[in-house]
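**Student:** Contents of my_file02.txt (compact mmCIF, C-alpha atoms):
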```txt
# COMPACT_ATOMS: atom_id res chain seq x y z
CA LYS Y 1 0.44 -17.73 3.98
CA GLN Y 2 0.22 -15.69 0.81
CA GLU Y 3 3.54 -14.50 -0.62
CA VAL Y 4 3.81 -12.01 -3.44
CA THR Y 5 6.99 -11.68 -5.49
CA GLN Y 6 7.87 -9.05 -8.05
CA ILE Y 7 10.58 -9.42 -10.63
CA PRO Y 8 12.72 -7.56 -11.49
CA ALA Y 9 13.40 -5.47 -8.39
CA ALA Y 10 14.66 -2.66 -10.59
CA LEU Y 11 14.45 -1.89 -14.27
CA SER Y 12 15.92 0.86 -16.39
CA VAL Y 13 14.74 1.42 -19.96
CA PRO Y 14 15.09 4.14 -22.61
CA GLU Y 15 12.12 6.33 -23.33
CA GLY Y 16 9.66 4.89 -25.83
CA GLU Y 17 10.21 1.24 -24.99
CA ASN Y 18 7.41 -1.13 -24.14
CA LEU Y 19 7.99 -3.04 -20.93
CA VAL Y 20 6.53 -5.74 -18.74
CA LEU Y 21 6.56 -5.98 -14.97
CA ASN Y 22 5.91 -9.32 -13.33
CA CYS Y 23 4.08 -10.32 -10.19
CA SER Y 24 3.59 -13.83 -8.84
CA PHE Y 25 1.63 -15.06 -5.85
CA THR Y 26 1.61 -18.39 -4.08
CA ASP Y 27 -2.06 -18.79 -3.14
CA SER Y 28 -4.46 -18.66 -6.07
CA ALA Y 29 -7.49 -18.14 -3.80
CA ILE Y 30 -7.62 -14.42 -4.38
CA TYR Y 31 -10.49 -11.95 -4.52
CA ASN Y 32 -8.65 -9.45 -6.69
CA LEU Y 33 -5.23 -8.17 -7.65
CA GLN Y 34 -4.25 -4.54 -7.80
CA TRP Y 35 -1.33 -2.65 -9.30
CA PHE Y 36 -0.15 0.53 -7.60
CA ARG Y 37 2.33 3.24 -8.39
CA GLN Y 38 4.42 4.83 -5.65
CA ASP Y 39 6.56 7.90 -6.21
CA PRO Y 40 9.53 8.46 -3.83
CA GLY Y 41 8.36 9.40 -0.35
CA LYS Y 42 4.72 9.33 -1.39
CA GLY Y 43 1.67 7.20 -0.88
CA LEU Y 44 0.15 4.73 -3.31
CA THR Y 45 -1.90 5.47 -6.38
CA SER Y 46 -4.06 2.66 -7.67
CA LEU Y 47 -3.49 1.99 -11.37
CA LEU Y 48 -5.52 -1.08 -12.21
CA LEU Y 49 -7.64 -3.56 -10.30
CA ILE Y 50 -8.44 -6.99 -11.70
CA GLN Y 51 -11.17 -9.08 -10.14
CA SER Y 52 -10.49 -12.80 -9.81
CA SER Y 53 -13.00 -13.54 -12.59
CA GLN Y 54 -11.26 -11.21 -15.04
CA ARG Y 55 -8.21 -11.82 -17.17
CA GLU Y 56 -7.11 -8.28 -17.91
CA GLN Y 57 -7.75 -4.60 -17.40
CA THR Y 58 -6.61 -1.66 -19.50
CA SER Y 59 -6.16 2.01 -18.74
CA GLY Y 60 -4.47 4.18 -21.32
CA ARG Y 61 -0.96 2.87 -21.93
CA LEU Y 62 -1.28 0.33 -19.13
CA ASN Y 63 -2.55 -3.21 -19.44
CA ALA Y 64 -2.64 -5.68 -16.57
CA SER Y 65 -3.27 -9.37 -17.00
CA LEU Y 66 -4.14 -12.02 -14.48
CA ASP Y 67 -3.64 -15.78 -14.67
CA LYS Y 68 -5.02 -16.93 -11.37
CA SER Y 69 -4.37 -20.62 -11.87
CA SER Y 70 -0.65 -20.07 -12.39
CA GLY Y 71 -0.45 -17.31 -9.79
CA ARG Y 72 0.82 -14.63 -12.12
CA SER Y 73 0.04 -11.11 -13.20
CA THR Y 74 1.84 -8.79 -15.57
CA LEU Y 75 1.71 -5.04 -16.00
CA TYR Y 76 2.46 -3.93 -19.53
CA ILE Y 77 3.45 -0.32 -20.10
CA ALA Y 78 3.44 0.84 -23.70
CA ALA Y 79 5.62 3.63 -25.07
CA SER Y 80 7.23 4.39 -21.73
CA GLN Y 81 7.89 7.99 -20.70
CA PRO Y 82 10.23 9.53 -18.09
CA GLY Y 83 7.13 10.40 -16.07
CA ASP Y 84 6.46 6.69 -15.68
CA SER Y 85 9.54 6.43 -13.44
CA ALA Y 86 8.32 5.18 -10.06
CA THR Y 87 8.02 2.03 -8.00
CA TYR Y 88 5.24 -0.29 -9.08
CA LEU Y 89 3.66 -2.53 -6.48
CA CYS Y 90 1.24 -5.36 -6.94
CA ALA Y 91 -1.03 -6.50 -4.15
CA VAL Y 92 -3.50 -9.34 -3.78
CA LYS Y 93 -6.62 -9.45 -1.70
CA PRO Y 94 -7.51 -12.94 -0.51
CA SER Y 95 -10.92 -14.47 -0.88
CA GLY Y 96 -12.64 -15.34 2.36
CA SER Y 97 -13.07 -13.28 5.50
CA ALA Y 98 -9.52 -11.90 5.70
CA ARG Y 99 -9.50 -9.00 3.29
CA GLN Y 100 -6.16 -7.37 3.95
CA LEU Y 101 -3.88 -6.78 1.00
CA THR Y 102 -0.58 -8.61 0.69
CA PHE Y 103 1.99 -6.56 -1.19
CA GLY Y 104 4.98 -7.46 -3.31
CA SER Y 105 8.22 -5.59 -2.70
CA GLY Y 106 7.86 -3.62 -5.91
CA THR Y 107 9.74 -2.96 -9.12
CA GLN Y 108 11.60 0.33 -9.29
CA LEU Y 109 11.28 1.60 -12.85
CA THR Y 110 13.48 4.28 -14.36
CA VAL Y 111 12.68 5.54 -17.84
CA LEU Y 112 15.64 7.39 -19.30
CA PRO Y 113 15.00 10.39 -21.56
CA GLY M 1 -11.81 8.18 -6.42
CA ALA M 2 -12.11 8.58 -2.68
CA VAL M 3 -9.61 10.81 -0.89
CA VAL M 4 -7.58 9.83 2.14
CA SER M 5 -5.45 12.49 3.77
CA GLN M 6 -2.55 11.70 6.06
CA HIS M 7 -0.81 14.22 8.28
CA PRO M 8 1.97 15.08 8.81
CA SER M 9 3.89 14.07 5.71
CA ARG M 10 7.19 14.31 7.56
CA VAL M 11 8.06 14.42 11.23
CA ILE M 12 11.33 14.40 13.12
CA CYS M 13 11.24 13.70 16.83
CA LYS M 14 13.64 13.04 19.65
CA SER M 15 14.13 9.56 21.02
CA GLY M 16 11.76 8.88 23.89
CA THR M 17 9.00 11.20 22.74
CA SER M 18 5.63 10.23 21.24
CA VAL M 19 4.38 11.08 17.78
CA LYS M 20 0.80 11.07 16.49
CA ILE M 21 -0.06 10.49 12.84
CA GLU M 22 -3.54 11.26 11.55
CA CYS M 23 -5.44 9.57 8.74
CA ARG M 24 -8.65 11.13 7.49
CA SER M 25 -11.18 10.07 4.90
CA LEU M 26 -12.34 13.30 3.29
CA ASP M 27 -15.33 12.27 1.22
CA PHE M 28 -16.54 8.98 2.61
CA GLN M 29 -17.10 7.26 5.91
CA ALA M 30 -14.25 4.90 6.63
CA THR M 31 -15.54 2.01 8.68
CA THR M 32 -12.18 0.28 8.32
CA MET M 33 -8.70 1.75 8.31
CA PHE M 34 -5.39 -0.01 7.84
CA TRP M 35 -1.95 1.07 9.01
CA TYR M 36 1.15 -0.06 7.16
CA ARG M 37 4.85 0.35 7.67
CA GLN M 38 7.33 0.43 4.80
CA PHE M 39 11.09 0.01 5.05
CA PRO M 40 13.36 1.32 2.28
CA LYS M 41 13.04 -0.75 -0.90
CA LYS M 42 10.70 -3.13 0.91
CA SER M 43 7.06 -3.94 0.66
CA LEU M 44 4.30 -2.52 2.80
CA MET M 45 3.80 -4.51 5.97
CA LEU M 46 0.37 -4.40 7.56
CA MET M 47 0.61 -3.33 11.18
CA ALA M 48 -3.01 -3.26 12.24
CA THR M 49 -6.61 -3.05 11.12
CA SER M 50 -9.02 -0.77 12.92
CA ASN M 51 -12.78 -0.71 12.72
CA GLU M 52 -14.59 2.40 13.85
CA GLY M 53 -15.59 2.23 17.47
CA SER M 54 -13.72 -0.94 18.33
CA LYS M 55 -10.22 -1.97 19.27
CA ALA M 56 -7.65 -2.41 16.54
CA THR M 57 -6.49 -5.84 15.47
CA TYR M 58 -2.71 -5.99 15.41
CA GLU M 59 -0.61 -8.22 13.19
CA GLN M 60 1.76 -10.68 14.78
CA GLY M 61 4.92 -9.03 16.03
CA VAL M 62 3.47 -5.51 16.26
CA GLU M 63 3.50 -4.12 19.79
CA LYS M 64 0.08 -2.70 20.53
CA ASP M 65 1.34 -0.73 23.52
CA LYS M 66 3.94 0.96 21.37
CA PHE M 67 1.77 1.65 18.34
CA LEU M 68 -1.50 2.99 19.71
CA ILE M 69 -4.34 3.13 17.22
CA ASN M 70 -7.53 5.07 17.76
CA HIS M 71 -10.46 5.02 15.34
CA ALA M 72 -13.04 7.00 17.25
CA SER M 73 -14.92 8.45 14.29
CA LEU M 74 -15.86 7.40 10.79
CA THR M 75 -13.45 9.88 9.24
CA LEU M 76 -10.41 9.78 11.49
CA SER M 77 -7.93 7.24 12.73
CA THR M 78 -4.72 8.04 14.54
CA LEU M 79 -1.50 6.10 15.04
CA THR M 80 0.61 7.15 18.02
CA VAL M 81 4.17 5.89 18.21
CA THR M 82 4.96 5.99 21.90
CA SER M 83 8.44 6.39 23.35
CA ALA M 84 9.88 6.44 19.86
CA HIS M 85 13.34 5.05 19.18
CA PRO M 86 15.56 5.34 16.11
CA GLU M 87 14.51 1.86 14.97
CA ASP M 88 10.96 3.16 14.68
CA SER M 89 12.10 5.46 11.89
CA SER M 90 10.17 4.41 8.82
CA PHE M 91 7.49 5.36 6.32
CA TYR M 92 3.98 4.85 7.68
CA ILE M 93 0.96 4.70 5.36
CA CYS M 94 -2.73 4.43 6.14
CA SER M 95 -5.56 3.27 3.95
CA ALA M 96 -9.29 3.44 4.42
CA ARG M 97 -12.45 1.93 3.03
CA GLY M 98 -16.11 1.99 3.94
CA GLY M 99 -19.66 2.17 2.67
CA GLU M 100 -19.72 2.18 -1.09
CA VAL M 101 -15.94 2.50 -1.20
CA ARG M 102 -15.18 -1.20 -1.38
CA GLU M 103 -11.49 -0.91 -2.16
CA ALA M 104 -9.06 0.79 0.17
CA PHE M 105 -7.61 4.16 -0.76
CA PHE M 106 -4.23 5.22 0.55
CA GLY M 107 -2.94 8.29 2.29
CA GLN M 108 0.21 10.09 1.20
CA GLY M 109 2.32 8.50 3.90
CA THR M 110 4.32 9.90 6.81
CA ARG M 111 8.11 9.81 6.97
CA LEU M 112 9.05 9.44 10.64
CA THR M 113 12.64 10.07 11.67
CA VAL M 114 13.61 9.52 15.30
CA VAL M 115 16.89 11.13 16.31
```
Go ahead and render the structure in this file as structure tokens.
**Tutor:**
Amino acid sequence: KQEVTQIPAALSVPEGENLVLNCSFTDSAIYNLQWFRQDPGKGLTSLLLIQSSQREQTSGRLNASLDKSSGRSTLYIAASQPGDSATYLCAVKPSGSARQLTFGSGTQLTVLP
Amino acid sequence: GAVVSQHPSRVICKSGTSVKIECRSLDFQATTMFWYRQFPKKSLMLMATSNEGSKATYEQGVEKDKFLINHASLTLSTLTVTSAHPEDSSFYICSARGGEVREAFFGQGTRLTVV
């Protein structure tokens, strides 16, 4: 059974810092990995999606990497801003017929002004 | 990206009553919809997967008679929490995919509070 772990559970940084969020998964047979942002009491917004054949994806100040063989992904946020404060979730979609996402428990990020 | 709308965003109900949550795909036909439950500071737990026109597939431990899922059209799925109890209080989120929309898009979530 796939398990997804995110470390740290919470992170607080001053504005302007670069930071890295970590995600690890136990079963490397994945179809893709996705990073989401969730604001308090809100739904999920997809940030980046990395296919299993890719090693990284970039969008603006965000860069996500994937090392499938070691079961790890990182989300790098450059020049953090208070508006980046949210919970960041990673989720993996397995390869094969079962296509439901398995989510990590998230990293709650606070960027202090 | 595709838009998924969930309604209501918040609902408070009395213990013993039933509550219906709607999930709509606004600009695509959702052949598959997923319902998740999220506890505070916890991950999203998949409750069930529904395909349009057929019965939902429930995850282990989810009571299908308590959490009724209907996916009667390609743009609407509903989750009804029957005879709600305070322990059913949670954040419920739907997602949908279909056609050319290969990845699932998420609704805004519904905060259910049972008093």
**Student:** What are the residues of chain M lining chain Y at 9 Å or less? Count only C-alpha atoms, and put the answer as a PyMOL selection string.
**Tutor:** chain M and resi 9+34+41-46+49+91+93-94+105-111
**Student:** Quick one: axis-aligned box around all listed atoms of segment 85-101 of chain Y, 4 Å on every side, centre and edge lengths in Å to one decimal, written as JSON.
**Tutor:**
```
{"center_x": -1.8, "center_y": -4.5, "center_z": -3.9, "size_x": 30.6, "size_y": 29.8, "size_z": 27.1}
```
**Student:** Neighbours of Ala30 of chain M within 9 Å (all atoms listed in the file; same-chain residues fewer than 4 positions away dropped), as a ChimeraX atom specification?
**Tutor:** /M:24-25,51-52,73-76,96-99,101
**Student:** Atom CA of Ser52 of chain Y and atom CA of Ala79 of chain Y, how far apart in Å?
**Tutor:**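 Result for atom CA of Ala79 of chain Y versus atom CA of Ser52 of chain Y: 27.6 Å, one decimal.
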**Student:** Considering only C-alpha atoms, can you say which of Y:Arg61, Y:Gln51, Y:Tyr88, Y:Ile77 comes closest to Trp35 of chain Y?
**Tutor:**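 For Trp35 of chain Y, the nearest of the candidates is Y:Tyr88.
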